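K.L.:
My structure file model_35.txt, compact mmCIF, C-alpha atoms, is below:
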```txt
# COMPACT_ATOMS: atom_id res chain seq x y z
CA MET A 5 -6.45 -4.60 8.62
CA SER A 6 -5.46 -1.97 11.18
CA ALA A 7 -7.47 -0.76 14.15
CA VAL A 8 -7.26 1.87 16.86
CA ASN A 9 -10.58 1.18 18.60
CA ARG A 10 -12.85 -1.76 19.30
CA SER A 11 -15.34 -0.91 16.54
CA GLN A 12 -12.61 -1.59 13.97
CA TYR A 13 -11.68 -5.07 15.24
CA PRO A 14 -12.60 -8.15 13.17
CA VAL A 15 -16.04 -9.44 14.17
CA ASP A 16 -16.13 -12.85 12.46
CA GLY A 17 -14.95 -14.84 15.50
CA ILE A 18 -11.67 -16.04 13.95
CA PRO A 19 -9.11 -16.92 16.66
CA GLU A 20 -6.15 -14.65 17.29
CA ILE A 21 -2.51 -15.03 18.38
CA ALA A 22 -1.09 -11.67 19.45
CA LEU A 23 2.51 -10.47 19.58
CA ALA A 24 3.63 -7.87 22.12
CA GLY A 25 7.02 -6.35 22.86
CA ARG A 26 9.22 -3.30 22.95
CA SER A 27 9.80 -1.17 19.87
CA ASN A 28 12.33 -2.83 17.54
CA VAL A 29 12.24 -6.15 19.40
CA GLY A 30 11.39 -7.90 16.13
CA LYS A 31 7.63 -8.54 16.07
CA SER A 32 7.23 -7.88 12.36
CA SER A 33 10.40 -9.83 11.58
CA LEU A 34 9.09 -12.79 13.57
CA ILE A 35 5.77 -12.78 11.73
CA ASN A 36 7.65 -12.67 8.43
CA GLY A 37 9.92 -15.47 9.64
CA LEU A 38 6.99 -17.65 10.69
CA LEU A 39 5.46 -17.23 7.22
CA ASN A 40 8.79 -17.44 5.38
CA ARG A 41 8.07 -14.05 3.81
CA LYS A 42 10.38 -11.06 3.66
CA SER A 43 7.93 -8.18 3.90
CA PHE A 44 4.49 -9.54 4.78
CA ALA A 45 4.23 -7.70 8.11
CA ARG A 46 4.59 -3.95 8.15
CA THR A 47 7.51 -2.26 9.87
CA SER A 48 7.60 1.33 11.07
CA GLN A 49 10.47 3.60 10.05
CA THR A 50 10.05 5.61 13.26
CA PRO A 51 10.31 3.54 16.48
CA GLY A 52 7.51 4.10 18.97
CA LYS A 53 5.22 5.85 16.49
CA THR A 54 3.00 2.93 15.49
CA ARG A 55 -0.25 3.29 17.38
CA THR A 56 -2.42 0.83 15.52
CA ILE A 57 -3.16 -2.84 16.09
CA ASN A 58 -2.46 -4.74 12.88
CA PHE A 59 -4.44 -7.91 12.11
CA TYR A 60 -2.94 -10.38 9.61
CA LEU A 61 -5.30 -13.12 8.43
CA ILE A 62 -3.43 -16.41 7.94
CA ASN A 63 -4.95 -19.10 5.67
CA LYS A 64 -8.41 -17.72 6.58
CA GLU A 65 -8.05 -19.63 9.88
CA PHE A 66 -6.55 -17.26 12.42
CA PHE A 67 -5.05 -13.81 12.86
CA PHE A 68 -1.56 -12.83 13.89
CA VAL A 69 -2.14 -9.60 15.80
CA ASP A 70 0.80 -7.18 15.90
CA LEU A 71 0.35 -4.97 18.94
CA PRO A 72 1.94 -1.49 19.18
CA GLY A 73 5.54 -1.50 20.40
CA TYR A 74 6.28 0.10 23.75
CA GLY A 75 9.25 1.45 25.69
CA TYR A 76 10.75 3.85 23.16
CA ALA A 77 12.49 6.50 25.28
CA LYS A 78 11.70 9.49 23.04
CA VAL A 79 7.94 9.00 23.13
CA ALA A 80 6.12 11.60 25.22
CA LYS A 81 4.04 10.63 28.25
CA THR A 82 0.86 11.56 26.37
CA GLU A 83 1.78 9.07 23.64
CA LYS A 84 2.49 6.40 26.23
CA GLY A 85 -0.95 7.06 27.67
CA LYS A 86 -2.55 6.52 24.27
CA TRP A 87 -0.62 3.26 23.92
CA GLY A 88 -1.97 2.09 27.28
CA GLU A 89 -5.55 2.89 26.29
CA ILE A 90 -5.24 1.01 23.00
CA MET A 91 -3.70 -2.02 24.71
CA GLU A 92 -6.21 -2.14 27.56
CA MET A 93 -9.09 -1.83 25.12
CA TYR A 94 -7.85 -4.80 23.11
CA LEU A 95 -6.99 -7.02 26.08
CA SER A 96 -10.30 -6.44 27.86
CA GLY A 97 -12.55 -9.39 27.09
CA ARG A 98 -11.19 -10.33 23.68
CA ASN A 99 -12.73 -13.80 23.40
CA GLU A 100 -10.99 -14.57 20.11
CA LEU A 101 -7.54 -14.16 21.67
CA CYS A 102 -5.98 -17.59 22.32
CA ALA A 103 -2.56 -16.52 23.61
CA ILE A 104 -0.01 -13.72 23.55
CA LEU A 105 3.61 -14.03 22.49
CA LEU A 106 5.69 -11.64 24.58
CA LEU A 107 8.89 -10.86 22.71
CA VAL A 108 12.05 -9.88 24.58
CA ASP A 109 15.51 -9.21 23.15
CA VAL A 110 17.65 -12.11 24.42
CA ARG A 111 20.72 -9.86 24.60
CA HIS A 112 19.25 -7.63 27.30
CA GLU A 113 17.48 -8.12 30.61
CA PRO A 114 13.70 -7.62 30.41
CA THR A 115 12.81 -4.03 31.27
CA GLU A 116 10.16 -2.65 33.62
CA ASP A 117 7.96 -2.16 30.56
CA ASP A 118 8.37 -5.85 29.71
CA LYS A 119 7.43 -6.76 33.27
CA MET A 120 4.39 -4.49 33.08
CA MET A 121 3.29 -6.10 29.81
CA TYR A 122 3.77 -9.57 31.26
CA ASP A 123 1.69 -8.61 34.32
CA TRP A 124 -1.02 -7.16 32.09
CA ILE A 125 -1.23 -10.38 30.11
CA LYS A 126 -1.61 -12.40 33.29
CA PHE A 127 -4.09 -9.94 34.81
CA PHE A 128 -6.41 -10.25 31.84
CA GLY A 129 -6.18 -14.05 32.03
CA TYR A 130 -4.35 -14.90 28.81
CA ASN A 131 -1.65 -17.50 28.26
CA CYS A 132 1.77 -15.90 27.83
CA ILE A 133 4.54 -17.48 25.77
CA VAL A 134 7.81 -15.59 26.11
CA VAL A 135 9.83 -15.48 22.88
CA ALA A 136 13.51 -14.56 23.19
CA THR A 137 14.34 -12.94 19.86
CA LYS A 138 17.72 -12.43 18.12
CA ALA A 139 19.05 -15.67 19.58
CA ASP A 140 21.71 -15.81 16.88
CA LYS A 141 23.45 -12.94 18.69
CA ILE A 142 24.47 -15.21 21.58
CA SER A 143 25.96 -18.71 21.68
CA LYS A 144 23.76 -21.69 22.48
CA GLY A 145 25.94 -22.28 25.54
CA GLN A 146 24.54 -19.03 26.97
CA TYR A 147 20.89 -20.03 26.54
CA ASP A 148 20.46 -21.37 30.07
CA LYS A 149 21.98 -18.24 31.58
CA HIS A 150 19.71 -15.91 29.62
CA ARG A 151 16.68 -18.14 30.20
CA SER A 152 17.26 -17.87 33.95
CA ILE A 153 17.60 -14.07 33.76
CA ILE A 154 14.36 -13.72 31.81
CA ARG A 155 12.45 -15.98 34.20
CA LYS A 156 13.71 -14.07 37.23
CA LYS A 157 13.08 -10.58 35.85
CA LEU A 158 9.54 -11.39 34.69
CA ASP A 159 8.80 -13.58 37.73
CA MET A 160 7.53 -16.29 35.42
CA GLN A 161 5.65 -19.36 36.53
CA ASP A 162 7.45 -22.70 36.21
CA ASP A 163 5.10 -24.06 33.54
CA GLU A 164 5.43 -21.04 31.25
CA LYS A 165 7.68 -21.44 28.23
CA ILE A 166 10.55 -19.43 26.80
CA ILE A 167 11.27 -20.12 23.13
CA PHE A 168 14.53 -18.87 21.62
CA THR A 169 14.20 -17.68 18.02
CA SER A 170 16.21 -16.00 15.29
CA SER A 171 14.27 -14.65 12.33
CA SER A 172 17.43 -14.22 10.25
CA LYS A 173 18.72 -17.76 10.91
CA ARG A 174 15.19 -19.25 11.14
CA SER A 175 16.09 -21.05 14.35
CA GLY A 176 13.29 -21.90 16.77
CA ILE A 177 10.61 -21.25 14.14
CA LEU A 178 9.22 -24.80 14.09
CA ASP A 179 9.21 -24.95 17.90
CA LEU A 180 7.22 -21.73 17.98
CA TRP A 181 4.79 -23.04 15.36
CA ASP A 182 4.21 -26.13 17.53
CA GLU A 183 3.34 -23.87 20.47
CA ILE A 184 1.06 -21.68 18.35
CA VAL A 185 -0.84 -24.74 17.09
CA PHE A 186 -1.10 -26.06 20.67
CA GLN A 187 -2.56 -22.79 21.93
CA TYR A 188 -4.91 -22.62 18.94
CA GLU A 189 -6.21 -26.15 19.43
CA SER A 190 -6.41 -25.88 23.23
CA HIS A 191 -9.12 -23.26 22.70
CA GLY A 192 -11.25 -25.72 20.76
CA PHE A 193 -10.16 -24.77 17.25
CA GLU A 194 -8.74 -27.17 14.69
CA ILE A 195 -6.14 -26.66 11.99
CA THR A 196 -7.93 -27.71 8.81
CA THR A 197 -5.08 -27.05 6.39
CA GLU A 198 -3.03 -29.94 7.78
CA GLU A 199 -3.94 -33.62 7.58
CA SER A 200 -3.99 -35.04 11.08
CA SER A 201 -2.40 -38.28 9.91
CA LYS A 202 0.84 -36.54 9.00
CA ASP A 203 3.58 -35.27 11.26
CA THR A 204 2.88 -31.58 11.80
CA SER A 205 6.53 -30.57 11.92
CA GLN A 206 7.20 -32.19 8.54
CA GLU A 207 4.14 -30.45 7.10
CA LYS A 208 5.43 -27.12 8.34
CA ILE A 209 8.74 -27.79 6.62
CA GLU A 210 6.91 -28.62 3.38
CA PHE A 211 4.76 -25.51 3.77
CA LEU A 212 7.82 -23.31 4.22
CA GLU A 213 9.60 -24.91 1.27
CA ASP A 214 6.55 -24.41 -0.95
CA ASN A 215 6.37 -20.75 0.05
CA THR A 216 10.05 -20.30 -0.71
CA GLU A 217 9.63 -21.80 -4.18
CA SER A 218 6.60 -19.62 -4.84
CA SER A 219 8.42 -16.46 -3.76
CA GLN A 220 11.34 -17.32 -6.00
CA GLU A 221 9.04 -17.79 -8.95
```
Could the structure of this file be written out as C-alpha cells, please?
P.N.:
Amino acid sequence: MSAVNRSQYPVDGIPEIALAGRSNVGKSSLINGLLNRKSFARTSQTPGKTRTINFYLINKEFFFVDLPGYGYAKVAKTEKGKWGEIMEMYLSGRNELCAILLLVDVRHEPTEDDKMMYDWIKFFGYNCIVVATKADKISKGQYDKHRSIIRKKLDMQDDEKIIFTSSSKRSGILDLWDEIVFQYESHGFEITTEESSKDTSQEKIEFLEDNTESSQE
C-alpha cells in the first residue's frame, strides 16, 4: 500500500523496517535483492518525483517501508518541503517502526542531505543501520577506506553498523538479513516462519533458493 498522510498508514500494529536514502541510491533494488525478486518493489522512472511512502507486507509478519528519495537536484524547494512534511509525519511517534536502514552510495561521500537524514533518525530515537550500496563498484580492499569516510561524514557512533551490499551480486544480503532479524526481535517480536532450532543463515539460503525455483517455474 502507499500513503501520503498518517490516516493512510497500516493500523494493525505489524512491525516495520524502513529504508531511507537519496534518489537512485537503490532502495527498491535492495528490497528486491532481499526478497530475491526482480520487480517486487516499485521504481520511479523520474528521480525525485516519488512522494509516497510504500509499505510492503512480508510474510504477513512485518513491513518493509520504502521512504521517498531525497536530494535530487532538479526538485523545486516547494517539493523538498513536501518531502520534509511527509518524512516528519511518518517519523513522529511511529511505534511500529523497529529500525531504519539509511542507504548511501559507497562510491561517493555522504552528502549534507544524508547527514540531515541520519540526524533526523537519531533525533526521533530510532536505531540507524547504514547500508553502503553498490559495493560491487569498488574492490573489497577499499572497504575500510570507504567505511571510515562514511563514519566521519555522518559522525556515526562507534556501535552503529555499516553493512556493504550489492543487489546485483547479492553480496552482503545475508548479513543485512541477520541485522533486520536482530532489530525485529530486539523490539519483542519473533520470527514465526523460521524454526528456532535451525541455523537462521542456512534457512535464509533455503528461502532464497526456494524463491528462485518458484520464479523460474
K.L.:
So which one's closest to Ile90 (chain A), A:Phe67, A:Phe44, A:Phe168, A:Tyr74? Using all atoms listed in the file, please.
P.N.:
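Looking at the shortest contact to Ile90 (chain A), the residue is A:Tyr74.
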K.L.:
Mind checking which residues fall within 7 Å of Phe66 (chain A), counting only C-alpha atoms, ignoring those fewer than 5 positions away in the same chain, and posting them as a ChimeraX atom specification?
P.N.:
/A:18-20,61
K.L.:
CA of Lys31 (chain A) to CA of Ser190 (chain A): how many Å, to one decimal?
P.N.:
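Pair CA of Lys31 (chain A) / CA of Ser190 (chain A) returns 23.4 Å.
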K.L.:
Given only C-alpha atoms as the basis, pick out the residue of A:Asp118, A:Asp70, A:Asp16, A:Asp159 nearest to Thr56 (chain A).
P.N.:
A:Asp70
K.L.:
Please indicate the distance in Å from CA of Lys126 (chain A) to CA of Arg174 (chain A), rounded to one decimal place.
P.N.:
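Atom-to-atom, CA of Lys126 (chain A) and CA of Arg174 (chain A) are spaced 28.6 Å apart.
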K.L.:
Looking at A:Ala22, A:Ala136, A:Ala45, A:Val108, which one is nearest to Leu95 (chain A), with distances taken over all atoms listed in the file?
P.N.:
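With all atoms listed in the file as the atom set, the closest residue is A:Ala22.
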K.L.:
Work out how far CA of Ile62 (chain A) is from CA of Leu39 (chain A), in Å to one decimal.
P.N.:
9.0 Å
K.L.:
Using only C-alpha atoms, determine which residues lie at most 9 Å from Met121 (chain A), disregarding the query and same-chain residues fewer than 3 positions distant; provide the list as a PDB file with C-alpha atoms, in the frame of the given file.
P.N.:
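Below is the file selection.pdb, written as the result:
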```pdb
ATOM      1  CA  ALA A  24       3.630  -7.870  22.120  1.00  0.00           C
ATOM      2  CA  GLY A  25       7.020  -6.350  22.860  1.00  0.00           C
ATOM      3  CA  LEU A 106       5.690 -11.640  24.580  1.00  0.00           C
ATOM      4  CA  GLU A 116      10.160  -2.650  33.620  1.00  0.00           C
ATOM      5  CA  ASP A 117       7.960  -2.160  30.560  1.00  0.00           C
ATOM      6  CA  ASP A 118       8.370  -5.850  29.710  1.00  0.00           C
ATOM      7  CA  TRP A 124      -1.020  -7.160  32.090  1.00  0.00           C
ATOM      8  CA  ILE A 125      -1.230 -10.380  30.110  1.00  0.00           C
ATOM      9  CA  LYS A 126      -1.610 -12.400  33.290  1.00  0.00           C
TER      10      LYS A 126
END
```
K.L.:
Could you tell me which of A:Asn9, A:Thr137, A:Ser172, A:Ser152 comes closest to Val29 (chain A) if we count all atoms listed in the file?
P.N.:
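Answer, going by the shortest atom-to-atom distance: A:Thr137.
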K.L.:
May I ask which of the residues A:Ile57, A:Ile167, A:Val185, A:Ala7 is the closest one to Asp148 (chain A), counting all atoms listed in the file?
P.N.:
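Between A:Ile57, A:Ile167, A:Val185, A:Ala7, the residue approaching Asp148 (chain A) most closely is A:Ile167.
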K.L.:
With only C-alpha atoms as the atoms that count, which of A:Ala139, A:Ile133, A:Ile184, A:Leu38 lies nearest to Met160 (chain A)?
P.N.:
A:Ile133
K.L.:
Starting from 3 Å padding per side, set up an axis-aligned box that covers all listed atoms of region 101-108 of chain A and hand over centre and edge lengths in Å, one decimal, as JSON.
P.N.:
```
{"center_x": 2.3, "center_y": -13.7, "center_z": 23.1, "size_x": 25.6, "size_y": 13.7, "size_z": 8.9}
```
K.L.:
Need the shell around Ile21 (chain A): protein/DNA/RNA residues with any atom at most 10 Å away, counting all atoms listed in the file. Skip same-chain ones fewer than 3 positions apart. Format as a VMD selection string?
P.N.:
chain A and resid 59 to 60 66 to 70 100 to 105 184 to 185 187 to 188
K.L.:
Residues near Ile153 (chain A), anyone? I mean within 9 Å using all atoms listed in the file, not counting same-chain ones fewer than 5 positions away, as a CSV table (one decimal) with C-alpha atoms, keeping the file's coordinate frame.
P.N.:
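around_25.csv was written with the following content:
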```csv
chain,number,residue,atom,x,y,z
A,113,GLU,CA,17.5,-8.1,30.6
A,114,PRO,CA,13.7,-7.6,30.4
A,148,ASP,CA,20.5,-21.4,30.1
A,158,LEU,CA,9.5,-11.4,34.7
```
